[in-house]
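Note: the block below is upload_15.txt and it holds compact mmCIF, C-alpha atoms.
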```txt
# COMPACT_ATOMS: atom_id res chain seq x y z
CA MET A 1 22.49 35.55 41.31
CA GLY A 2 19.39 33.51 42.01
CA THR A 3 18.89 29.88 42.98
CA LYS A 4 21.04 27.27 41.27
CA LYS A 5 19.34 25.74 38.24
CA ASN A 6 19.96 22.11 37.50
CA TRP A 7 20.12 20.73 34.00
CA PRO A 8 16.63 19.62 32.96
CA LEU A 9 15.82 16.04 32.01
CA TRP A 10 15.29 15.07 28.38
CA GLU A 11 13.82 11.93 26.83
CA VAL A 12 15.63 10.56 23.79
CA PHE A 13 13.95 8.93 20.78
CA VAL A 14 15.97 7.40 17.95
CA ARG A 15 14.98 6.05 14.57
CA SER A 16 17.35 3.43 13.25
CA LYS A 17 18.53 2.98 9.66
CA ASN A 18 16.05 0.17 9.07
CA GLY A 19 13.49 1.46 11.52
CA LEU A 20 10.03 2.71 10.75
CA GLU A 21 9.60 4.95 13.75
CA HIS A 22 11.46 6.67 16.54
CA ARG A 23 11.72 4.56 19.64
CA HIS A 24 12.38 5.62 23.19
CA PHE A 25 16.00 4.92 23.98
CA GLY A 26 16.37 6.52 27.41
CA SER A 27 16.94 9.86 29.05
CA LEU A 28 19.71 12.29 29.96
CA HIS A 29 20.28 15.68 31.57
CA ALA A 30 21.42 18.60 29.41
CA ALA A 31 21.41 22.39 29.68
CA ASP A 32 19.56 22.95 26.40
CA ALA A 33 18.22 21.21 23.30
CA GLU A 34 21.45 21.40 21.32
CA MET A 35 23.46 19.84 24.12
CA ALA A 36 20.75 17.23 24.62
CA LEU A 37 20.98 16.27 20.94
CA GLU A 38 24.78 16.01 20.99
CA ASN A 39 24.83 14.08 24.25
CA ALA A 40 22.15 11.75 22.90
CA ARG A 41 24.35 11.14 19.88
CA ASP A 42 27.31 10.42 22.17
CA VAL A 43 25.53 8.12 24.55
CA TYR A 44 22.82 6.39 22.58
CA THR A 45 24.25 5.98 19.09
CA ARG A 46 27.82 4.80 19.59
CA ARG A 47 27.21 1.82 17.39
CA ASN A 48 25.60 3.58 14.49
CA GLU A 49 22.16 2.81 15.80
CA GLY A 50 20.34 5.81 14.42
CA VAL A 51 19.67 8.13 11.50
CA SER A 52 17.41 10.48 13.42
CA ILE A 53 17.27 11.68 17.00
CA TRP A 54 14.45 13.49 18.80
CA VAL A 55 14.97 15.01 22.23
CA VAL A 56 12.03 16.21 24.27
CA GLU A 57 12.15 17.80 27.68
CA SER A 58 10.55 15.25 29.99
CA LYS A 59 8.21 17.87 31.43
CA ASN A 60 6.62 18.22 27.98
CA ILE A 61 5.52 14.61 27.87
CA THR A 62 2.05 13.82 29.10
CA ALA A 63 1.62 10.19 30.04
CA SER A 64 -1.52 8.23 30.78
CA ASN A 65 -2.00 7.34 34.42
CA PRO A 66 -1.72 3.60 35.12
CA GLU A 67 -4.46 3.92 37.76
CA ASN A 68 -6.86 4.88 34.98
CA TYR A 69 -5.92 2.14 32.53
CA GLY A 70 -9.22 0.35 33.08
CA GLU A 71 -11.39 3.34 32.23
CA LEU A 72 -9.11 4.80 29.57
CA PHE A 73 -8.85 1.68 27.48
CA GLU A 74 -12.29 0.24 28.20
CA PRO A 75 -13.92 1.31 24.92
CA ALA A 76 -11.68 -1.02 22.87
CA GLN A 77 -12.20 -4.09 25.02
CA ASP A 78 -15.51 -5.28 23.55
CA LYS A 79 -14.93 -4.34 19.92
CA VAL A 80 -13.67 -7.61 18.45
CA TYR A 81 -15.15 -6.61 15.12
CA ARG A 82 -12.04 -4.44 14.61
CA HIS A 83 -10.07 -7.64 14.08
CA PRO A 84 -10.07 -9.57 10.77
CA THR A 85 -10.76 -12.85 12.58
CA PHE A 86 -14.28 -11.66 13.44
CA TYR A 87 -15.29 -12.07 9.81
CA ASP A 88 -16.26 -15.53 8.60
CA LEU A 89 -15.23 -16.19 5.03
CA PRO A 90 -15.06 -19.56 3.23
CA ASP A 91 -11.61 -20.97 2.49
CA GLU A 92 -12.17 -20.69 -1.27
CA VAL A 93 -11.98 -16.90 -1.14
CA LYS A 94 -8.48 -15.85 -2.18
CA HIS A 95 -6.48 -12.69 -1.55
CA MET A 96 -8.50 -11.49 1.44
CA MET B 1 -4.90 3.87 53.41
CA SER B 2 -5.92 1.09 55.75
CA GLU B 3 -3.63 -1.82 56.51
CA GLU B 4 -6.02 -4.11 54.70
CA GLN B 5 -6.00 -1.94 51.60
CA ILE B 6 -2.22 -1.96 51.59
CA LYS B 7 -2.10 -5.75 52.02
CA ASN B 8 -4.49 -6.00 49.07
CA LEU B 9 -2.35 -3.78 46.90
CA GLU B 10 0.76 -5.75 47.88
CA ALA B 11 -0.90 -9.04 46.96
CA GLN B 12 -1.94 -7.69 43.56
CA PHE B 13 1.55 -6.29 43.10
CA GLU B 14 3.26 -9.61 43.81
CA ALA B 15 0.78 -11.37 41.49
CA ARG B 16 1.67 -9.00 38.63
CA ILE B 17 5.35 -9.82 39.05
CA ALA B 18 4.62 -13.54 39.25
CA ARG B 19 2.82 -13.19 35.90
CA ASP B 20 6.01 -11.65 34.47
CA GLU B 21 4.41 -8.23 34.08
CA LYS B 22 6.74 -5.27 34.21
CA ILE B 23 6.42 -2.70 36.97
CA GLU B 24 6.74 0.85 35.62
CA PRO B 25 7.69 4.01 37.56
CA LYS B 26 4.15 5.37 38.01
CA ASP B 27 2.68 2.04 39.17
CA TRP B 28 1.86 1.59 42.83
CA MET B 29 4.69 -0.26 44.56
CA PRO B 30 5.58 -1.22 48.14
CA GLU B 31 7.98 1.28 49.70
CA LYS B 32 10.47 -1.54 50.25
CA TYR B 33 10.46 -2.32 46.51
CA ARG B 34 11.15 1.31 45.69
CA LYS B 35 13.97 1.58 48.26
CA THR B 36 15.58 -1.73 47.29
CA HIS B 37 15.59 -0.79 43.63
CA ILE B 38 17.00 2.66 44.29
CA ARG B 39 19.77 1.06 46.32
CA GLN B 40 20.61 -1.66 43.82
CA MET B 41 20.34 0.44 40.65
CA SER B 42 22.30 3.37 42.07
CA GLN B 43 25.07 1.13 43.36
CA HIS B 44 25.17 -0.56 39.98
CA ALA B 45 25.47 2.87 38.31
CA HIS B 46 28.16 4.00 40.76
CA SER B 47 30.12 0.83 39.96
CA GLU B 48 30.08 1.58 36.23
CA VAL B 49 31.35 5.09 36.72
CA VAL B 50 34.00 4.27 39.33
CA GLY B 51 35.00 1.32 37.13
CA MET B 52 36.19 3.78 34.50
CA LEU B 53 39.03 4.86 36.79
CA PRO B 54 41.25 1.74 37.03
CA GLU B 55 41.05 1.34 33.26
CA GLY B 56 41.48 5.05 32.52
CA ASN B 57 44.86 4.67 34.18
CA TRP B 58 46.24 2.88 31.10
CA ILE B 59 44.77 4.82 28.19
CA SER B 60 47.93 6.87 27.68
CA ARG B 61 50.10 3.76 27.89
CA ALA B 62 48.19 1.26 25.76
CA PRO B 63 50.82 -0.63 23.73
CA SER B 64 49.22 -0.15 20.29
CA LEU B 65 46.57 1.88 18.51
CA ARG B 66 44.28 -1.15 18.35
CA ARG B 67 44.52 -1.57 22.09
CA LYS B 68 44.02 2.12 22.71
CA VAL B 69 40.87 2.50 20.62
CA ALA B 70 39.39 -0.64 22.15
CA LEU B 71 40.12 0.55 25.69
CA LEU B 72 38.73 4.03 25.02
CA ALA B 73 35.58 2.54 23.53
CA LYS B 74 35.12 0.25 26.52
CA ILE B 75 35.51 3.10 29.00
CA GLN B 76 33.05 5.25 27.03
CA ASP B 77 30.60 2.35 27.23
CA GLU B 78 30.99 2.23 31.02
CA ALA B 79 30.08 5.90 31.23
CA GLY B 80 27.05 5.19 29.08
CA HIS B 81 26.08 2.26 31.28
CA GLY B 82 26.29 4.51 34.30
CA LEU B 83 23.94 6.94 32.58
CA TYR B 84 21.35 4.27 31.66
CA LEU B 85 21.33 3.07 35.25
CA TYR B 86 21.19 6.53 36.84
CA SER B 87 18.32 7.41 34.50
CA ALA B 88 16.45 4.25 35.40
CA CYS B 89 17.06 4.92 39.08
CA GLU B 90 15.86 8.52 38.87
CA THR B 91 12.45 7.35 37.65
CA LEU B 92 11.86 6.20 41.23
CA GLY B 93 11.90 9.74 42.56
CA VAL B 94 15.50 10.42 43.46
CA THR B 95 17.69 13.09 41.83
CA ARG B 96 21.16 12.74 40.35
CA ASP B 97 22.47 15.21 42.92
CA GLU B 98 21.17 13.01 45.74
CA LEU B 99 22.71 9.91 44.20
CA TYR B 100 26.10 11.55 43.79
CA GLU B 101 25.94 12.85 47.34
CA GLN B 102 25.39 9.31 48.55
CA LEU B 103 28.35 8.05 46.56
CA HIS B 104 30.66 10.89 47.52
CA THR B 105 29.94 10.64 51.25
CA GLY B 106 30.25 6.86 51.29
CA LYS B 107 26.56 6.32 52.05
CA ALA B 108 26.23 4.31 48.86
CA LYS B 109 28.59 1.56 47.84
CA TYR B 110 30.03 0.48 44.52
CA SER B 111 31.46 -2.85 43.50
CA SER B 112 34.48 -3.61 45.70
CA ILE B 113 36.50 -4.88 42.73
CA PHE B 114 37.21 -1.33 41.59
CA ASN B 115 39.20 -0.64 44.74
CA TYR B 116 42.13 -2.61 43.37
CA PRO B 117 44.96 -0.95 41.41
CA THR B 118 45.90 -1.58 37.78
CA ILE B 119 49.62 -2.13 38.14
CA THR B 120 50.52 -3.43 34.67
CA TRP B 121 49.04 -3.43 31.18
CA ALA B 122 48.07 -7.07 31.71
CA ASP B 123 45.68 -5.90 34.44
CA ILE B 124 43.57 -4.34 31.69
CA GLY B 125 43.32 -7.75 30.05
CA ALA B 126 42.48 -9.43 33.35
CA ILE B 127 39.76 -6.87 34.08
CA GLY B 128 38.03 -7.28 30.72
CA TRP B 129 38.23 -11.07 30.91
CA LEU B 130 37.39 -11.67 34.58
CA VAL B 131 35.62 -8.59 35.94
CA ASP B 132 33.42 -8.04 32.91
CA GLY B 133 32.98 -11.81 32.73
CA ALA B 134 31.59 -11.88 36.26
CA ALA B 135 29.49 -8.78 35.57
CA ILE B 136 27.93 -10.40 32.49
CA ILE B 137 26.91 -13.41 34.57
CA ASN B 138 25.14 -11.06 36.96
CA GLN B 139 23.62 -8.86 34.31
CA VAL B 140 22.12 -11.29 31.81
CA PRO B 141 19.46 -12.55 34.26
CA LEU B 142 18.62 -8.91 35.10
CA CYS B 143 17.32 -8.40 31.56
CA ASN B 144 14.17 -10.09 32.85
CA THR B 145 13.93 -8.27 36.14
CA SER B 146 10.51 -6.96 37.21
CA PHE B 147 11.21 -3.22 37.15
CA GLY B 148 10.78 -2.04 33.55
CA PRO B 149 13.42 0.70 33.38
CA TYR B 150 16.03 -1.56 35.00
CA ALA B 151 15.30 -4.43 32.62
CA ARG B 152 15.48 -2.17 29.58
CA ALA B 153 18.74 -0.63 30.76
CA MET B 154 20.17 -4.13 31.26
CA VAL B 155 19.24 -5.22 27.74
CA ARG B 156 21.15 -2.27 26.34
CA VAL B 157 24.10 -2.87 28.70
CA CYS B 158 24.38 -6.56 27.84
CA LYS B 159 24.46 -5.85 24.11
CA GLU B 160 27.41 -3.53 24.63
CA GLU B 161 29.16 -5.69 27.22
CA SER B 162 30.01 -8.53 24.86
CA PHE B 163 33.01 -6.83 23.26
CA HIS B 164 34.35 -5.85 26.69
CA GLN B 165 35.10 -9.39 27.69
CA ARG B 166 36.51 -10.34 24.28
CA GLN B 167 38.77 -7.28 24.37
CA GLY B 168 40.22 -8.37 27.71
CA TYR B 169 40.68 -11.99 26.74
CA GLU B 170 42.39 -11.03 23.49
CA ILE B 171 44.93 -9.02 25.49
CA MET B 172 45.61 -11.97 27.81
CA MET B 173 45.88 -14.33 24.86
CA LYS B 174 48.42 -12.14 23.09
CA LEU B 175 50.54 -11.77 26.25
CA ALA B 176 50.32 -15.46 27.14
CA ASN B 177 51.62 -16.32 23.66
CA GLY B 178 54.33 -13.67 23.74
CA THR B 179 57.75 -13.43 25.34
CA PRO B 180 58.41 -15.12 28.70
CA GLU B 181 58.20 -11.69 30.35
CA GLN B 182 54.82 -11.00 28.73
CA LYS B 183 53.47 -14.37 29.77
CA GLU B 184 54.73 -13.76 33.31
CA MET B 185 52.96 -10.38 33.34
CA ALA B 186 49.71 -12.00 32.26
CA GLN B 187 50.02 -14.73 34.90
CA ASP B 188 50.78 -12.13 37.57
CA ALA B 189 47.66 -10.14 36.62
CA LEU B 190 45.55 -13.29 36.76
CA ASN B 191 47.02 -14.09 40.18
CA ARG B 192 45.95 -10.69 41.52
CA TRP B 193 42.51 -10.42 39.92
CA TRP B 194 41.18 -13.98 40.28
CA TRP B 195 40.04 -13.97 43.91
CA PRO B 196 38.62 -10.41 43.90
CA SER B 197 36.62 -11.39 40.79
CA LEU B 198 35.13 -14.36 42.63
CA MET B 199 34.17 -12.03 45.46
CA MET B 200 32.37 -9.78 42.95
CA LEU B 201 29.55 -12.25 42.85
CA GLY B 202 28.78 -11.37 46.43
CA PRO B 203 28.97 -13.05 49.84
CA THR B 204 28.11 -16.70 50.25
CA ASP B 205 24.44 -17.62 50.29
CA ALA B 206 24.61 -18.15 54.04
CA GLU B 207 25.80 -14.55 54.51
CA SER B 208 23.53 -13.02 51.91
CA VAL B 209 20.67 -11.12 53.55
CA HIS B 210 18.49 -9.98 50.69
CA THR B 211 18.21 -13.09 48.56
CA GLU B 212 14.65 -14.29 49.19
CA GLN B 213 12.99 -10.96 48.57
CA SER B 214 15.25 -10.31 45.57
CA MET B 215 14.25 -13.63 44.04
CA LYS B 216 10.54 -12.81 44.36
CA TRP B 217 11.05 -9.47 42.65
CA LYS B 218 13.21 -11.06 39.95
CA LEU B 219 16.23 -8.99 41.00
CA LYS B 220 18.01 -12.28 41.33
CA ARG B 221 17.42 -15.48 39.46
CA LYS B 222 20.23 -17.56 40.89
CA SER B 223 21.99 -17.35 44.23
CA ASN B 224 25.47 -15.86 44.66
CA ASP B 225 27.07 -19.27 45.09
CA GLU B 226 25.37 -20.61 41.96
CA LEU B 227 26.58 -17.65 39.91
CA ARG B 228 30.08 -18.01 41.35
CA GLN B 229 30.17 -21.67 40.38
CA GLN B 230 28.96 -20.76 36.88
CA PHE B 231 31.73 -18.19 36.56
CA ILE B 232 34.44 -20.62 37.67
CA ASP B 233 33.18 -23.44 35.44
CA GLN B 234 33.22 -21.23 32.35
CA THR B 235 36.51 -19.42 33.08
CA VAL B 236 38.85 -22.28 33.98
CA PRO B 237 38.84 -23.75 30.43
CA GLN B 238 39.47 -20.24 29.08
CA ALA B 239 42.62 -20.01 31.21
CA ASP B 240 43.70 -23.52 30.20
CA LEU B 241 43.36 -22.60 26.55
CA ILE B 242 45.98 -19.85 26.79
CA GLY B 243 48.29 -21.70 29.15
CA LEU B 244 47.63 -19.62 32.28
CA THR B 245 47.18 -21.12 35.73
CA ILE B 246 44.32 -20.18 38.05
CA PRO B 247 45.98 -19.28 41.38
CA ASP B 248 44.04 -21.87 43.39
CA PRO B 249 45.86 -25.04 44.46
CA ASP B 250 42.52 -26.55 45.52
CA LEU B 251 40.93 -26.08 42.11
CA LYS B 252 39.91 -29.47 40.76
CA TRP B 253 37.36 -30.83 38.30
CA ASN B 254 34.78 -32.93 40.14
CA GLU B 255 33.52 -35.68 37.81
CA GLU B 256 30.61 -36.50 40.11
CA THR B 257 29.12 -33.01 40.39
CA GLY B 258 30.19 -31.85 36.94
CA HIS B 259 31.66 -28.69 38.42
CA TYR B 260 35.03 -27.43 39.61
CA ASP B 261 35.79 -27.69 43.31
CA PHE B 262 37.64 -24.62 44.49
CA GLY B 263 39.50 -23.27 47.51
CA GLU B 264 38.42 -21.07 50.41
CA ILE B 265 37.77 -17.42 49.66
CA ASP B 266 39.31 -14.92 52.08
CA TRP B 267 36.14 -13.12 53.10
CA ASP B 268 38.06 -10.96 55.58
CA GLU B 269 39.71 -9.25 52.66
CA PHE B 270 36.32 -8.73 51.00
CA TRP B 271 34.75 -7.11 54.07
CA GLN B 272 37.84 -4.95 54.64
CA VAL B 273 37.63 -3.62 51.10
CA VAL B 274 33.86 -3.10 51.32
CA LYS B 275 34.35 -1.14 54.54
CA GLY B 276 36.76 1.23 52.84
CA HIS B 277 40.16 -0.30 53.55
CA GLY B 278 41.04 -1.63 50.13
CA PRO B 279 44.15 -0.42 48.28
CA CYS B 280 42.38 2.26 46.25
CA ASN B 281 39.17 3.23 48.03
CA LYS B 282 40.41 6.67 49.03
CA GLU B 283 41.98 7.29 45.63
CA ARG B 284 38.77 6.38 43.79
CA MET B 285 36.66 8.69 45.92
CA LYS B 286 39.16 11.51 45.60
CA ALA B 287 39.00 11.17 41.82
CA ARG B 288 35.18 11.07 41.75
CA VAL B 289 34.60 13.92 44.18
CA GLY B 290 37.35 15.96 42.50
CA ALA B 291 35.85 15.49 39.05
CA TRP B 292 32.42 16.55 40.30
CA GLU B 293 33.72 19.61 42.13
CA ARG B 294 36.13 20.73 39.41
CA GLY B 295 33.40 20.36 36.81
CA GLU B 296 30.91 22.53 38.67
CA TRP B 297 31.80 25.68 36.78
CA VAL B 298 31.20 23.90 33.47
CA ARG B 299 27.73 22.76 34.54
CA ASP B 300 26.92 26.23 35.84
CA ALA B 301 28.27 27.94 32.72
CA ALA B 302 26.25 25.69 30.43
CA MET B 303 23.11 26.47 32.38
CA ALA B 304 23.81 30.20 32.43
CA TYR B 305 24.38 30.18 28.67
CA ALA B 306 21.20 28.23 28.02
CA THR B 307 19.20 30.62 30.20
CA LYS B 308 20.71 33.64 28.43
CA CYS B 309 19.84 32.21 25.00
CA SER B 310 16.28 31.44 25.95
CA GLU B 311 15.79 34.90 27.45
CA GLN B 312 17.11 36.46 24.26
CA LYS B 313 14.68 34.37 22.22
CA GLU B 314 11.79 35.53 24.39
CA LYS B 315 12.81 39.17 23.96
CA GLN B 316 12.93 38.77 20.18
CA ALA B 317 9.55 37.07 20.11
CA VAL B 318 8.01 40.08 21.88
```
As structure tokens, how would this structure be written, given the file I've shared?
Amino acid sequence: MGTKKNWPLWEVFVRSKNGLEHRHFGSLHAADAEMALENARDVYTRRNEGVSIWVVESKNITASNPENYGELFEPAQDKVYRHPTFYDLPDEVKHM
Amino acid sequence: MSEEQIKNLEAQFEARIARDEKIEPKDWMPEKYRKTHIRQMSQHAHSEVVGMLPEGNWISRAPSLRRKVALLAKIQDEAGHGLYLYSACETLGVTRDELYEQLHTGKAKYSSIFNYPTITWADIGAIGWLVDGAAIINQVPLCNTSFGPYARAMVRVCKEESFHQRQGYEIMMKLANGTPEQKEMAQDALNRWWWPSLMMLGPTDAESVHTEQSMKWKLKRKSNDELRQQFIDQTVPQADLIGLTIPDPDLKWNEETGHYDFGEIDWDEFWQVVKGHGPCNKERMKARVGAWERGEWVRDAAMAYATKCSEQKEKQAV
């Protein structure tokens, strides 16, 4: 028969009616993708929260390591010129 | 890691929490933090799921369609709440199987309130009004707790919880304004659920072991006694409004303190129920363990089917 397999873990992302993007809503265990989708519908959209659901097996998500935050995000820290406030324009200039 | 390194990490950790930063599952955390959160979140999840049982008892006997759909929806929500909490708990490195094993063998506890029976329909009203009322008081502050997954689960739970209490109160209101028999049934339910609901907010501050650490980690914002007082102060006027009497002869508004004085709680009863000697402890566990064991073939069949489908797909791809 083989060793007992447990239902894998899935992460659930839902885009709401008025939403612009899918947001992480939570996770659940399911035997396969179809069950994961239906269970996600049952558990995370009881109040009509969504128009679109994505389910992804948790093992397929690669996440950045918090220990490396410093290094990973360092390049952006000294680049203030990416923000509009860096640029000095007189008040008279309109529409900018 | 040296003791000094650990002390350093702990100090940084506490500082992050003090700054209201969220702790996420992959962050370094003291072992005690991990263990405490596993314990609290899992017991919270167990409570949701066991809590479905006393209410499930009345689904087939709800007096009207309106009542039935509301009760079904509430119970579905409780299942969902259990899921959010189990999921949050599992991020700390414990499996669902382990958590269920702890519940089923009595190693983990669940809220003692669910060891009481639902004897009449009015009990369903009392539960929604009082038990969910007390739960809301506990849960709202948790929306700001330090552990990210727990806080996020609590936000979702609190949004859904608001109809639960209104559903219960509406039932009590209808009964209290009904026939003398209906009003008597509502009063009787209030008599039986009042004191256990007060006990839900936990032992007195003097008896409460974990409070200081829990406050630091934002697992608790107010003490048990403060929350209990808040619950009483907000609930007494609700009972007055529908003409029901709180079963406490010592209950009295205190003009000086601005709070209600109330009578002695029978803590012996509380500890008896917690230790497993409440009216329904055995029944609840039998139902939970039974459901898990009888459902095993379904879980196995689903997995076998999924495996078969994926193997077929692989064959076709080749």
- Item | Polymer residues at most 8 Å from Trp267 (chain B), only C-alpha atoms, same-chain spacing of 4 or more positions, as a PyMOL selection string | chain B and resi 199+203+271
- Message: Taking (17.8, 19.6, 27.5) as a centre in this file's frame and 12 Å as the limit, can you find every polymer residue with an atom that close, using only C-alpha atoms, and give them as a ChimeraX atom specification?
- Response: /A:6-12,27-40,54-60 /B:302-303,306-307
- Message: Just the number, please: distance in Å from CA of Met285 (chain B) to CA of Trp58 (chain B), one decimal.
- Response: 18.6 Å
Can you write out as a tab-separated table which residues of chain B fall within 8 Å of chain A, alongside each residue's closest atom pair and its distance in Å to one decimal, counting all atoms listed in the file and ordering rows by chain and ascending residue number?
```
residue	atom	partner	partner_atom	distance
B:Lys26	CA	A:Pro66	CA	6.8
B:Asp27	CA	A:Pro66	CA	6.2
B:Gly80	CA	A:Val43	CA	5.6
B:Leu83	CA	A:Leu28	CA	7.3
B:Tyr84	CA	A:Gly26	CA	6.9
B:Ser87	CA	A:Ser27	CA	6.1
B:Arg299	CA	A:Trp7	CA	7.9
B:Asp300	CA	A:Lys5	CA	8.0
B:Ala302	CA	A:Ala31	CA	5.9
B:Met303	CA	A:Ala31	CA	5.2
B:Ala306	CA	A:Asp32	CA	5.8
```
4 Å per side around region 17-20 of chain B: axis-aligned box centre and edge lengths, as lines of an AutoDock Vina configuration file:
```
center_x = 4.4
center_y = -11.7
center_z = 36.9
size_x = 11.2
size_y = 11.7
size_z = 12.8
```
- Query: Need the neighbours of (25.6, 0.7, 39.5): which residues are at most 9 Å away, counting only C-alpha atoms, as a ChimeraX atom specification?
  - Reply: /B:39-49,81-82,85-86,109-111
Generate a file of the selected residues that holds C-alpha atoms, formatted as an mmCIF file, in the frame of the given file.
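Below is the file that was written, again13.cif:
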```cif
data_model
loop_
_atom_site.group_PDB
_atom_site.id
_atom_site.type_symbol
_atom_site.label_atom_id
_atom_site.label_comp_id
_atom_site.auth_asym_id
_atom_site.auth_seq_id
_atom_site.Cartn_x
_atom_site.Cartn_y
_atom_site.Cartn_z
ATOM 1 C CA ARG B 39 19.770 1.060 46.320
ATOM 2 C CA GLN B 40 20.610 -1.660 43.820
ATOM 3 C CA MET B 41 20.340 0.440 40.650
ATOM 4 C CA SER B 42 22.300 3.370 42.070
ATOM 5 C CA GLN B 43 25.070 1.130 43.360
ATOM 6 C CA HIS B 44 25.170 -0.560 39.980
ATOM 7 C CA ALA B 45 25.470 2.870 38.310
ATOM 8 C CA HIS B 46 28.160 4.000 40.760
ATOM 9 C CA SER B 47 30.120 0.830 39.960
ATOM 10 C CA GLU B 48 30.080 1.580 36.230
ATOM 11 C CA VAL B 49 31.350 5.090 36.720
ATOM 12 C CA HIS B 81 26.080 2.260 31.280
ATOM 13 C CA GLY B 82 26.290 4.510 34.300
ATOM 14 C CA LEU B 85 21.330 3.070 35.250
ATOM 15 C CA TYR B 86 21.190 6.530 36.840
ATOM 16 C CA LYS B 109 28.590 1.560 47.840
ATOM 17 C CA TYR B 110 30.030 0.480 44.520
ATOM 18 C CA SER B 111 31.460 -2.850 43.500
#
```
- CA of Ile265 (chain B) and CA of Lys183 (chain B), how far apart in Å? 25.5 Å
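Atom pair CA of Met215 (chain B) / CA of Asp20 (chain B) has a distance of 12.8 Å (rounded to one decimal).
Closest approach to Pro247 (chain B) from the set B:Gln187, B:Thr179, B:Gln165, B:Asn57 is made by B:Gln187, with distances taken over only C-alpha atoms.
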- Task: Write out as a ChimeraX atom specification which residues come within 12 Å of Glu21 (chain B) when counting only C-alpha atoms, dropping same-chain ones fewer than 2 positions away.
- Result: /B:12-19,23-24,27,144-148,151,217-218
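The residue that comes closest to Leu20 (chain A), out of A:Gly50, A:Thr45, A:Val93, A:Gln77 and on the basis of all atoms listed in the file, is A:Gly50.
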Might you pull out every residue within 9 Å of Phe231 (chain B), with all atoms listed in the file counted and same-chain residues fewer than 2 positions away left off, and present them as a PDB file with C-alpha atoms, keeping the file's coordinate frame?
```
ATOM      1  CA  LEU B 130      37.390 -11.670  34.580  1.00  0.00           C
ATOM      2  CA  GLY B 133      32.980 -11.810  32.730  1.00  0.00           C
ATOM      3  CA  ALA B 134      31.590 -11.880  36.260  1.00  0.00           C
ATOM      4  CA  ILE B 137      26.910 -13.410  34.570  1.00  0.00           C
ATOM      5  CA  LEU B 198      35.130 -14.360  42.630  1.00  0.00           C
ATOM      6  CA  LEU B 201      29.550 -12.250  42.850  1.00  0.00           C
ATOM      7  CA  GLU B 226      25.370 -20.610  41.960  1.00  0.00           C
ATOM      8  CA  LEU B 227      26.580 -17.650  39.910  1.00  0.00           C
ATOM      9  CA  ARG B 228      30.080 -18.010  41.350  1.00  0.00           C
ATOM     10  CA  GLN B 229      30.170 -21.670  40.380  1.00  0.00           C
ATOM     11  CA  ASP B 233      33.180 -23.440  35.440  1.00  0.00           C
ATOM     12  CA  GLN B 234      33.220 -21.230  32.350  1.00  0.00           C
ATOM     13  CA  THR B 235      36.510 -19.420  33.080  1.00  0.00           C
ATOM     14  CA  VAL B 236      38.850 -22.280  33.980  1.00  0.00           C
TER      15      VAL B 236
END
```
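Checking B:Met200, B:Ala88, B:Val94, B:Leu53 one by one against Met154 (chain B), counting all atoms listed in the file, you find the shortest gap at B:Ala88.
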